[in-house]
Structures are given as C-alpha cells and as structure tokens.
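Here is the structure we will look at.
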Amino acid sequence: MRTLAYGSWPSPIDAALAAAHDGRPEDVGFVGDEVWWTAPRPTEGGRRTLVRRRADGGEEVLLPAPWNVRSRVIEYGGRPWGAAVTADGPLLVFVNFADQRLYRCAPGGEPRPLTPLSLVGGGLRWAEPQVLVERGEVWCVLEEFTGDGPTDVRRVLAAVPLDGSAADDRGAVRELTDDRHRFVTGPRTAPGGRRAAWLVWDHPRMPWDGTELLVADIGPDGVLGPPETVAGGPREAIAQADWAPDGALLYASDRTGWWNLYRDGRPLCPREEEFGGPLWKLGMRWFAPLDNGLIAVVHGRGATALGILDPETGEVVDAAGPWTEFAPALATHGERIAAVGASPRSAYEVVELDARTGRARVIGAAHDDAVDPVHYPEPQIRTFTGPDGREIHAHVYPPHNPDCVAPGDELPPYVIWAHGGPTSRAPLVLDLEIAYFTSRGIGVAEVDYGGSTGYGRRYREQLREQWGVVDVEDCAAVALALAEEGTADRNRLAVRGGSAGGWTAAASLASTDVYACGTISYPVLDLTEWSAGGTHDFESRYLESLVGPYEAVPARYAERSPAEHADRITVPFLLLQGLDDVICPPAQCERFLARFAGRGVAHAYLAFPGEGHGFRRAETMVRALEAELSLYAQVFGIDPRGIPTLELTT
C-alpha cells in the first residue's frame, strides 16, 4: 500500500479505456425468436450499429461501417429500426444517420433506400418504423422541414411503401394523420390491426408536462379514422401506451403525481414510484405486455428494477440478479422479456428474463471487466438537506484505489456532477468516467437536484421557473455538506456538467463561491438567445416552464444567464463544445468567451469538428477527459502523472 496525495494515485483506468466503454445498447427488439439491438461504436467514428443475437446464441453485426443506425427526429432521436419475419427471412428497415433516409435490407444484403432526400431545411426524418408486411408498408413518424429555420417543421404519422416507390417520390408517402399536433409518437397497432394508439403534445408543453393519448380505428384500406382522446391533458403526462393481447389499452400516466400503469383507465398498481419517465426519445418503453396477460415493467423510485406485473392482483415480482438499474428499452416475445440492465459493478448489458421460470441472464453486450473491478468506486446513496429543508438525492463516490491511501491529514478534492436534461437523473451504474477520477483519488458526487425525475411529479416540478436557482442551490448544498462533514476538501471543490448540466455548472460558477474551478460541456449559456430561435424545435419553448414566458419575465432571462454575467466568474474553467451541435450551438460559447478576453481568468476552450450534442467519437472523449483532469490538477495542485497539460489562457 502506497501513501500518495489525493489525485496522484496511479490508475489502470485511462481515458482511452473510459471512452471505449462509453454508450450502451439501446432499441432492443425481438425479430422472431432472435433479439436485436443497436450498439455504440466509439472507435468507429461514434456510429451505432445493429447487432443480432441468433437463436443459436451467436452474435452478428448486421450493418458494417459506415452505416449508422440513428434517427434525428426531435434531434434526440427515436427508435431507428424495425423488422418483420417473412417467408424469405427477416426484413429490416432502419434509419441511416448521414442522410436520415429509411432503408430496407435482408441480413447480409445491401440496403436500399425507401424514402427520398429533401433539400429543405433539415430534410425528411423518420423514427419508430413498424414493418407491416401484409400492407406492404412501414408505419412511422415523419418529421418534415418546411423551411430553413429550426422550427419550420411538421410531424405526422406516415406510411412508406416497402417496394421502394417512394425512394425518389415524396408524393408516394401516405400521411396517416394531419399535422394539427406539433409532436407525435409512433403508432401502436392493436391485436388484429384494427385500432392504433399514439401520443401527441404541443408547444409550449414538454412531454413530461402533458400529453394526450389518441386512439383511432384503422379501415380496411389502412386509413385512420377520426382520432379520439382517451387520456391525458395539459397537466397529465402519458409516457407510453400499448395494447394488451386481449385488446385492452395500457398506458403510463402521472395523473396521481407518479407515473403508474392503467388498463382502460383502471389503475393496476397504484404506488408512489415511477412506471414511466421523461420521453426524451420516441419509442422509449417502460412496460411491455406478455402473451399471457402479464406485463413486464421497469419501475422504481430513483433507481429502477425489472419486474413482472400481474394486472389482476397488482402484484409486481422483480427479477433476481445483480442489476440495479434498467433502461426504458423493453421488448417481449411470448413469455420472454428483453431488457437493458446495469449496476455499480457492471455497465449496461442486454438481459433476457423468462417469465415462466423467473430466470434472468445476460444474452448480449455482456459486461467485461477491462481492469480488475477492485478499482471501481463504491457509491453511497445519500439524501442531503437543501434550502428550505428540501430533500436532495445524490450518489457519492469517494476516492478509491486498492493500492493507495492518502496522508492522514489530507482531505480529497471532489467534483460535483450535474446531470443533463434537466428533466432527467443520474443512473446508479458503473461509469468508467467516474472511475477515471475516483481511482486517482478525486471524489465524485452526482446530484439529482430538484427537478430530476424518478421521485414523482412534485420533486420534478421544483424546477418550474427555477432553473438556474434550485439546481445551483442543490449542487452547492451537496458540495458544502460534504466539506462540512469532513468528506471533501472545502478548497478543492469543482463542478461539471454537459448540456443542461453545463448550464448548471456555468451558472454555479457565476453565482456562487463554492467551487475552485469547473468543466462546462456543450451548454446553454444565454437564455434570451436560446429562446429566440437559438435551438431546435423540440426544446424551443422549454424555457417557458423552466424560467417563465419571456414576454412576462425578460429580466429573469438576463439575470440568470451566465453569458450576461461573465464578469462574475473568477475561477478557472474548461469549456467543451461540438461544432455540429444544433441543440446548444457553438455560437453561444463563442459569444461567452468574447467577454473573457483580457479579464485574467484562466480558461480553455476545446471545440470538436464533427461532434454534435454529446460526444461520440473515442478520440474526442479521450481529449476531453484528459483536459478535464489536467484542469483539476493545475487548480488543486496535484500530479496525475502522464496526462497532457491543458494550456490555460487568460
């Protein structure tokens, strides 16, 4: 055992290893008896591929580079593939990221386009393809730009011919609905194919504020009849809907303040926990019906479990296993359930649960310990007290290295992590980026500040008109509590975050004296500019709930924006930005930095061509992570050994 200062412990977890394990399997589905899913490829330009687990247990990559299975609908995307079993084998339809066209192919075959290109604005985009071989169509969400502005867009449900006749003819795409609603999710067809259900919502609401569940009859000719609103509203968020095998309509609603499940309007398992979540991507699935009438569910308060719900008794039986977190990516076939689970000791992997036996096992993307797991951090699930006595949920990861200890009189530096969203939360899973710091002797605390999901609508709405206040206060409260209890060094606290977390990090540096430095990634910095067409359509009215309507409180937009108060930031910071980001465009960073010229505040700006909102390429993630560690090393006075020195300018 070596005695070394915190932050200088040698670690086998380098930035390249952390980058190689970034991302997770998503979009799980059954194709006949096989399980398919999309998987990240950070070392292949950050693309996502499609993986097939054959019935014999073997895995096969279905789409080689440069195919990239990813949709840009609402920019955050949606389920990008669908498939059906035909007499000739599986028929795959997927969205290719580069051109956003739908393609069809058989495994091993060459993909052929099904949809045309458009030169207007962001073009034509597709999500949640449902392959209906008997109709010769793919039913999906169509996002169509009508002009060059980010909000010049319409969304409808559409039917794309499988014969390729629409590959060069927009007129061959059959629209199933009109565009009276700004946002739509993909249709779920009832058993027998005679009814369809989907969700809609409109500005200024976000989908976790309020959505409507629509149902329509499907005529023999495939035309949808007039839709009927059966649930939801401005203050009721339906997160997902699907059909039971007997034709009953299932949905997750937060009408009680918690996302619970309902069957034809009847509550199935009323609990103060969540059976749904924020719909950041189209096609997220927190529940999936089984053929025997039971329902597979992802549920919990904070962390989530995989369970089977009996709709007759309301009883939920959770799957046994090491996983403490499940993603909203369920699929079922017969009595088989496919899910994506993780734990503080394992990254996300594809799990199959047999509903008859209760046996769960890993069937794909199996976690592989690239280093001895004794180097992984041990999280502490904590609840802190914030201003006005409110609860703050957090995961605290103390420094940990089996080969090193620090001098007895030294307290460790800590980095407060603010998650993105902000309507989201920090999952309790193994993250090698966290281990990258903790194994070197730097603690990490992930804060589920007020406004986070997983704790009911009341907790979620603590951020209503309080963005830049509650999130900043809660992160600071956790940081100071760690210092006051002797866990962290008060003089060596940092804050970091990406996207909305980048906003919280920047706002924290501009409005508090808690932190010695910060890392700000692809952030919102100027509320006025962001609300005036400076972002994409999906979030273009988000600030009305987070801050308030601009027309009513313009001064609040200026007062809370870090860009308006650059002079208040007096500690070093690192700013990271993707140059292809349309959600938080680089122009915000550039204007923000212009105000620092000659101010004498040490900082660095790293901009990455080809990266959008959130980094996907291994080389980008390596550079960003090493730069962040170098910032902390310079500010905290530590020697991380072997890390390139980040050049700070003033």
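Convention: chains lettered A, B, ... in structure tokens order; per-chain residue numbering from 1; ligands numbered from 1 as shown.
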Please identify all polymer residues within 10 Å of Leu482 (chain A), counting only C-alpha atoms, omitting same-chain residues fewer than 3 positions from it, and present them as a PDB file with N, CA, C and O atoms, in the first residue's frame.
```pdb
ATOM      1  N   PHE A 384     -29.478  14.571   1.073  1.00  0.00           N
ATOM      2  CA  PHE A 384     -28.998  15.758   1.763  1.00  0.00           C
ATOM      3  C   PHE A 384     -30.166  16.718   1.991  1.00  0.00           C
ATOM      4  O   PHE A 384     -31.235  16.574   1.395  1.00  0.00           O
ATOM      5  N   VAL A 396     -22.799   9.488  -4.033  1.00  0.00           N
ATOM      6  CA  VAL A 396     -21.463   9.947  -3.668  1.00  0.00           C
ATOM      7  C   VAL A 396     -20.471   8.807  -3.905  1.00  0.00           C
ATOM      8  O   VAL A 396     -20.661   7.692  -3.406  1.00  0.00           O
ATOM      9  N   TYR A 414     -13.195  17.027  -4.606  1.00  0.00           N
ATOM     10  CA  TYR A 414     -14.436  16.430  -5.098  1.00  0.00           C
ATOM     11  C   TYR A 414     -14.953  17.226  -6.287  1.00  0.00           C
ATOM     12  O   TYR A 414     -14.827  18.457  -6.328  1.00  0.00           O
ATOM     13  N   ALA A 445     -19.529  13.376  -6.857  1.00  0.00           N
ATOM     14  CA  ALA A 445     -20.895  13.329  -6.314  1.00  0.00           C
ATOM     15  C   ALA A 445     -21.865  13.705  -7.423  1.00  0.00           C
ATOM     16  O   ALA A 445     -21.825  14.824  -7.935  1.00  0.00           O
ATOM     17  N   ALA A 476     -24.712  23.061  -4.820  1.00  0.00           N
ATOM     18  CA  ALA A 476     -23.873  23.727  -3.825  1.00  0.00           C
ATOM     19  C   ALA A 476     -24.104  23.147  -2.437  1.00  0.00           C
ATOM     20  O   ALA A 476     -23.154  22.970  -1.651  1.00  0.00           O
ATOM     21  N   ALA A 477     -25.361  22.835  -2.113  1.00  0.00           N
ATOM     22  CA  ALA A 477     -25.677  22.278  -0.795  1.00  0.00           C
ATOM     23  C   ALA A 477     -24.984  20.936  -0.584  1.00  0.00           C
ATOM     24  O   ALA A 477     -24.469  20.650   0.509  1.00  0.00           O
ATOM     25  N   VAL A 478     -24.963  20.102  -1.614  1.00  0.00           N
ATOM     26  CA  VAL A 478     -24.287  18.810  -1.511  1.00  0.00           C
ATOM     27  C   VAL A 478     -22.784  19.016  -1.353  1.00  0.00           C
ATOM     28  O   VAL A 478     -22.133  18.382  -0.507  1.00  0.00           O
ATOM     29  N   ALA A 479     -22.214  19.900  -2.157  1.00  0.00           N
ATOM     30  CA  ALA A 479     -20.777  20.159  -2.083  1.00  0.00           C
ATOM     31  C   ALA A 479     -20.380  20.648  -0.694  1.00  0.00           C
ATOM     32  O   ALA A 479     -19.410  20.156  -0.087  1.00  0.00           O
ATOM     33  N   GLU A 485     -18.908  17.870   6.627  1.00  0.00           N
ATOM     34  CA  GLU A 485     -18.831  16.606   7.356  1.00  0.00           C
ATOM     35  C   GLU A 485     -17.433  15.998   7.313  1.00  0.00           C
ATOM     36  O   GLU A 485     -17.202  14.929   7.873  1.00  0.00           O
ATOM     37  N   GLY A 486     -16.487  16.677   6.628  1.00  0.00           N
ATOM     38  CA  GLY A 486     -15.121  16.185   6.574  1.00  0.00           C
ATOM     39  C   GLY A 486     -14.868  15.152   5.500  1.00  0.00           C
ATOM     40  O   GLY A 486     -13.844  14.453   5.528  1.00  0.00           O
ATOM     41  N   THR A 487     -15.771  15.053   4.528  1.00  0.00           N
ATOM     42  CA  THR A 487     -15.594  14.109   3.424  1.00  0.00           C
ATOM     43  C   THR A 487     -14.759  14.714   2.308  1.00  0.00           C
ATOM     44  O   THR A 487     -13.961  14.016   1.669  1.00  0.00           O
ATOM     45  N   ALA A 488     -14.946  16.012   2.027  1.00  0.00           N
ATOM     46  CA  ALA A 488     -14.278  16.690   0.923  1.00  0.00           C
ATOM     47  C   ALA A 488     -13.508  17.900   1.417  1.00  0.00           C
ATOM     48  O   ALA A 488     -13.826  18.484   2.465  1.00  0.00           O
ATOM     49  N   ASP A 489     -12.494  18.278   0.646  1.00  0.00           N
ATOM     50  CA  ASP A 489     -11.701  19.467   0.925  1.00  0.00           C
ATOM     51  C   ASP A 489     -12.473  20.694   0.447  1.00  0.00           C
ATOM     52  O   ASP A 489     -12.724  20.841  -0.750  1.00  0.00           O
ATOM     53  N   ARG A 490     -12.833  21.584   1.365  1.00  0.00           N
ATOM     54  CA  ARG A 490     -13.626  22.768   1.010  1.00  0.00           C
ATOM     55  C   ARG A 490     -12.944  23.627  -0.032  1.00  0.00           C
ATOM     56  O   ARG A 490     -13.617  24.287  -0.847  1.00  0.00           O
ATOM     57  N   LEU A 493     -13.089  21.992  -4.438  1.00  0.00           N
ATOM     58  CA  LEU A 493     -14.358  21.540  -4.999  1.00  0.00           C
ATOM     59  C   LEU A 493     -14.479  22.047  -6.427  1.00  0.00           C
ATOM     60  O   LEU A 493     -14.110  23.185  -6.721  1.00  0.00           O
TER      61      LEU A 493
END
```
* To do: Can you pull out every residue within 6 Å of Asp217 (chain A), counting only C-alpha atoms, but drop anything in the same chain fewer than 5 positions away, and send it as a PyMOL selection string?
  => chain A and resi 194-195+224-225
Keeping only N, CA and C atoms, write the selected residues to a file as a compact mmCIF listing (two decimals), in the first residue's frame.
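The file below, result-v1.txt, is the result:
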```txt
# COMPACT_ATOMS: atom_id res chain seq x y z
N ARG A 194 -56.83 -3.42 -36.12
CA ARG A 194 -57.99 -2.57 -36.43
C ARG A 194 -58.01 -1.25 -35.68
N ARG A 195 -57.08 -1.06 -34.74
CA ARG A 195 -57.02 0.21 -33.99
C ARG A 195 -55.56 0.59 -33.82
N LEU A 224 -56.68 5.85 -41.31
CA LEU A 224 -57.09 6.05 -39.93
C LEU A 224 -58.36 6.89 -39.87
N GLY A 225 -59.28 6.46 -39.00
CA GLY A 225 -60.48 7.24 -38.78
C GLY A 225 -60.21 8.42 -37.87
```
Near Ala355 (chain A), counting only C-alpha atoms, which residues have an atom at most 12 Å away, once you skip same-chain residues fewer than 3 positions from it, shown as a compact mmCIF listing (two decimals) with N, CA and C atoms, in the first residue's frame?
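Below is the file that was written, part_14.txt:
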```
# COMPACT_ATOMS: atom_id res chain seq x y z
N PRO A 289 -46.40 -5.65 -22.72
CA PRO A 289 -47.30 -6.75 -22.37
C PRO A 289 -46.77 -8.10 -22.86
N LEU A 290 -47.06 -9.13 -22.09
CA LEU A 290 -46.72 -10.50 -22.44
C LEU A 290 -47.95 -11.21 -22.98
N ASP A 291 -47.74 -12.29 -23.72
CA ASP A 291 -48.86 -13.02 -24.31
C ASP A 291 -49.81 -13.60 -23.28
N ASN A 292 -49.29 -13.87 -22.05
CA ASN A 292 -50.13 -14.48 -21.02
C ASN A 292 -50.91 -13.45 -20.20
N GLY A 293 -50.85 -12.18 -20.60
CA GLY A 293 -51.59 -11.14 -19.90
C GLY A 293 -50.80 -10.39 -18.85
N LEU A 294 -49.66 -10.94 -18.44
CA LEU A 294 -48.79 -10.21 -17.51
C LEU A 294 -48.09 -9.07 -18.24
N ILE A 295 -47.47 -8.18 -17.49
CA ILE A 295 -46.83 -7.01 -18.09
C ILE A 295 -45.42 -6.87 -17.53
N ALA A 296 -44.43 -6.83 -18.41
CA ALA A 296 -43.07 -6.53 -17.99
C ALA A 296 -42.97 -5.03 -17.72
N VAL A 297 -42.32 -4.67 -16.61
CA VAL A 297 -42.26 -3.26 -16.21
C VAL A 297 -40.85 -2.89 -15.75
N LEU A 306 -36.40 -4.32 -12.89
CA LEU A 306 -37.19 -5.02 -13.90
C LEU A 306 -38.12 -5.99 -13.19
N GLY A 307 -39.42 -5.86 -13.45
CA GLY A 307 -40.37 -6.72 -12.80
C GLY A 307 -41.45 -7.21 -13.73
N ILE A 308 -42.30 -8.08 -13.21
CA ILE A 308 -43.46 -8.59 -13.94
C ILE A 308 -44.70 -8.25 -13.11
N LEU A 309 -45.60 -7.52 -13.70
CA LEU A 309 -46.81 -7.06 -13.03
C LEU A 309 -47.99 -7.94 -13.42
N ASP A 310 -48.71 -8.40 -12.41
CA ASP A 310 -49.95 -9.14 -12.62
C ASP A 310 -51.09 -8.12 -12.58
N VAL A 317 -43.45 -8.76 -9.24
CA VAL A 317 -42.34 -9.63 -8.83
C VAL A 317 -41.12 -9.21 -9.62
N ASP A 318 -40.08 -8.76 -8.92
CA ASP A 318 -38.88 -8.28 -9.59
C ASP A 318 -37.94 -9.42 -9.94
N ALA A 319 -37.21 -9.22 -11.03
CA ALA A 319 -36.23 -10.21 -11.47
C ALA A 319 -35.05 -10.23 -10.50
N ALA A 320 -34.59 -11.44 -10.20
CA ALA A 320 -33.39 -11.58 -9.37
C ALA A 320 -32.16 -11.37 -10.24
N THR A 332 -40.85 -7.79 -25.67
CA THR A 332 -41.34 -9.10 -25.27
C THR A 332 -41.66 -9.96 -26.49
N HIS A 333 -41.58 -11.26 -26.29
CA HIS A 333 -41.95 -12.23 -27.32
C HIS A 333 -42.40 -13.49 -26.59
N GLY A 334 -43.70 -13.82 -26.73
CA GLY A 334 -44.22 -14.94 -25.96
C GLY A 334 -44.13 -14.61 -24.48
N GLU A 335 -43.35 -15.40 -23.76
CA GLU A 335 -43.12 -15.14 -22.35
C GLU A 335 -41.67 -14.78 -22.07
N ARG A 336 -41.00 -14.30 -23.11
CA ARG A 336 -39.62 -13.84 -22.98
C ARG A 336 -39.59 -12.31 -22.92
N ILE A 337 -38.69 -11.78 -22.09
CA ILE A 337 -38.54 -10.34 -21.93
C ILE A 337 -37.08 -9.98 -22.20
N ALA A 338 -36.85 -9.01 -23.06
CA ALA A 338 -35.52 -8.48 -23.29
C ALA A 338 -35.44 -7.08 -22.70
N GLU A 352 -32.08 -11.10 -20.68
CA GLU A 352 -33.33 -11.78 -21.00
C GLU A 352 -33.91 -12.41 -19.74
N GLY A 358 -38.71 -17.24 -14.15
CA GLY A 358 -38.15 -16.14 -13.38
C GLY A 358 -36.65 -16.02 -13.52
N ARG A 359 -36.06 -16.80 -14.42
CA ARG A 359 -34.60 -16.79 -14.58
C ARG A 359 -34.19 -15.65 -15.50
N ALA A 360 -33.21 -14.87 -15.07
CA ALA A 360 -32.68 -13.79 -15.89
C ALA A 360 -31.21 -14.06 -16.19
```
* To do: Quick one: pull the distance between CA of Thr383 (chain A) and CA of Val547 (chain A), Å, one decimal.
  =>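 Between CA of Thr383 (chain A) and CA of Val547 (chain A) the gap is 25.9 Å.
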* DSSP-assigned strand (DSSP E or B) members of region 416-538 of chain A, reported as a PyMOL selection string -> chain A and resi 416-418+443-448+493-498+517-521
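Reported to one decimal place, the separation of CA of Ala510 (chain A) from CA of Leu546 (chain A) is 18.6 Å.
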* Asked: Which residues come within 12 Å of Glu274 (chain A), counting only C-alpha atoms, excluding same-chain residues fewer than 2 positions away, as a PyMOL selection string?
  -> chain A and resi 239+252-261+269-272+276-278+286-287+297-305+328+453-457+460
Which residues of region 197-243 of chain A come within 12 Å of region 533-542 of chain A, and for each one, what is the closest pair of atoms and their distance in Å to one decimal, counting only C-alpha atoms, sorted by chain and residue number, as CSV?
```
residue,atom,partner,partner_atom,distance
A:Trp201,CA,A:Phe538,CA,10.8
A:Asp202,CA,A:Phe538,CA,9.7
A:His203,CA,A:Arg541,CA,6.4
A:Pro204,CA,A:Arg541,CA,5.0
A:Arg205,CA,A:Tyr542,CA,7.3
A:Met206,CA,A:Tyr542,CA,6.6
A:Pro207,CA,A:Phe538,CA,9.8
A:Trp208,CA,A:Tyr542,CA,11.0
A:Asp209,CA,A:Tyr542,CA,10.2
```
Filtering to C-alpha atoms, could you give me those residues as a PDB file, in the first residue's frame?
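Just written: selection-v8.pdb:
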```
ATOM      1  CA  TRP A 201     -48.438  17.159 -27.431  1.00  0.00           C
ATOM      2  CA  ASP A 202     -47.989  20.785 -28.419  1.00  0.00           C
ATOM      3  CA  HIS A 203     -45.865  23.802 -27.574  1.00  0.00           C
ATOM      4  CA  PRO A 204     -45.140  25.087 -25.006  1.00  0.00           C
ATOM      5  CA  ARG A 205     -45.523  21.766 -23.199  1.00  0.00           C
ATOM      6  CA  MET A 206     -42.749  19.232 -22.954  1.00  0.00           C
ATOM      7  CA  PRO A 207     -43.898  15.586 -22.978  1.00  0.00           C
ATOM      8  CA  TRP A 208     -43.405  15.269 -19.201  1.00  0.00           C
ATOM      9  CA  ASP A 209     -45.687  18.287 -18.667  1.00  0.00           C
TER      10      ASP A 209
END
```
* **Neighbour list for region 171-174 of chain A as JSON, numbers by chain, cut-off 8 Å, only C-alpha atoms, skip fewer than 4 positions in-chain** => {"A": [158, 159, 160, 161, 165, 166]}
Those same residues, written as an mmCIF file, in the first residue's frame with N, CA and C atoms?
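Saved result, out_23.cif, follows:
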```
data_model
loop_
_atom_site.group_PDB
_atom_site.id
_atom_site.type_symbol
_atom_site.label_atom_id
_atom_site.label_comp_id
_atom_site.auth_asym_id
_atom_site.auth_seq_id
_atom_site.Cartn_x
_atom_site.Cartn_y
_atom_site.Cartn_z
ATOM 1 N N ALA A 158 -46.959 8.477 -40.812
ATOM 2 C CA ALA A 158 -46.893 8.248 -42.249
ATOM 3 C C ALA A 158 -46.687 6.777 -42.551
ATOM 4 N N ALA A 159 -47.095 6.397 -43.769
ATOM 5 C CA ALA A 159 -46.908 5.037 -44.273
ATOM 6 C C ALA A 159 -45.992 5.103 -45.496
ATOM 7 N N VAL A 160 -44.876 4.389 -45.427
ATOM 8 C CA VAL A 160 -43.888 4.376 -46.503
ATOM 9 C C VAL A 160 -43.982 3.042 -47.234
ATOM 10 N N PRO A 161 -44.122 3.043 -48.557
ATOM 11 C CA PRO A 161 -44.195 1.781 -49.300
ATOM 12 C C PRO A 161 -42.915 0.963 -49.157
ATOM 13 N N SER A 165 -41.038 2.565 -53.965
ATOM 14 C CA SER A 165 -41.616 3.545 -54.883
ATOM 15 C C SER A 165 -41.530 4.976 -54.364
ATOM 16 N N ALA A 166 -41.257 5.144 -53.063
ATOM 17 C CA ALA A 166 -41.123 6.497 -52.516
ATOM 18 C C ALA A 166 -39.664 6.935 -52.407
#
```
* What does the distance from CA of Gly23 (chain A) to CA of Glu433 (chain A) come to in Å, to one decimal? ->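 It comes out at 11.4 Å.
Residue-level DSSP output for region 307-500 of chain A, from the backbone, shows alpha helix (DSSP H) at Leu432, Glu433, Ile434, Ala435, Tyr436, Phe437, Thr438, Arg457, Arg458, Tyr459, Arg460, Val470, Asp471, Val472, Glu473, Asp474, Cys475, Ala476, Ala477, Val478, Ala479, Leu480, Ala481, Leu482, Ala483, Glu484 and Ala500 of chain A.
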* Write out as a ChimeraX atom specification which residues come within 7 Å of Arg263 (chain A) when counting only C-alpha atoms, dropping same-chain ones fewer than 6 positions away. => /A:248-251
Report as an mmCIF file with N, CA and C atoms, in the first residue's frame all protein, DNA and RNA residues lying within 8 Å of Glu611 (chain A), evaluated on only C-alpha atoms, omitting residues in the same chain fewer than 6 positions from it.
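Output contents, as saved in out.cif:
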```
data_model
loop_
_atom_site.group_PDB
_atom_site.id
_atom_site.type_symbol
_atom_site.label_atom_id
_atom_site.label_comp_id
_atom_site.auth_asym_id
_atom_site.auth_seq_id
_atom_site.Cartn_x
_atom_site.Cartn_y
_atom_site.Cartn_z
ATOM 1 N N GLY A 578 -19.108 20.727 -29.222
ATOM 2 C CA GLY A 578 -19.130 20.126 -30.546
ATOM 3 C C GLY A 578 -19.552 21.163 -31.576
ATOM 4 N N LEU A 579 -18.836 21.236 -32.665
ATOM 5 C CA LEU A 579 -19.111 22.277 -33.656
ATOM 6 C C LEU A 579 -20.329 21.978 -34.514
ATOM 7 N N ASP A 580 -20.845 20.745 -34.466
ATOM 8 C CA ASP A 580 -22.051 20.397 -35.220
ATOM 9 C C ASP A 580 -23.290 20.357 -34.338
ATOM 10 N N ASP A 581 -23.208 20.936 -33.163
ATOM 11 C CA ASP A 581 -24.303 20.906 -32.194
ATOM 12 C C ASP A 581 -25.393 21.889 -32.612
ATOM 13 N N ARG A 617 -17.265 10.211 -30.446
ATOM 14 C CA ARG A 617 -16.023 9.673 -31.000
ATOM 15 C C ARG A 617 -15.002 9.452 -29.891
#
```
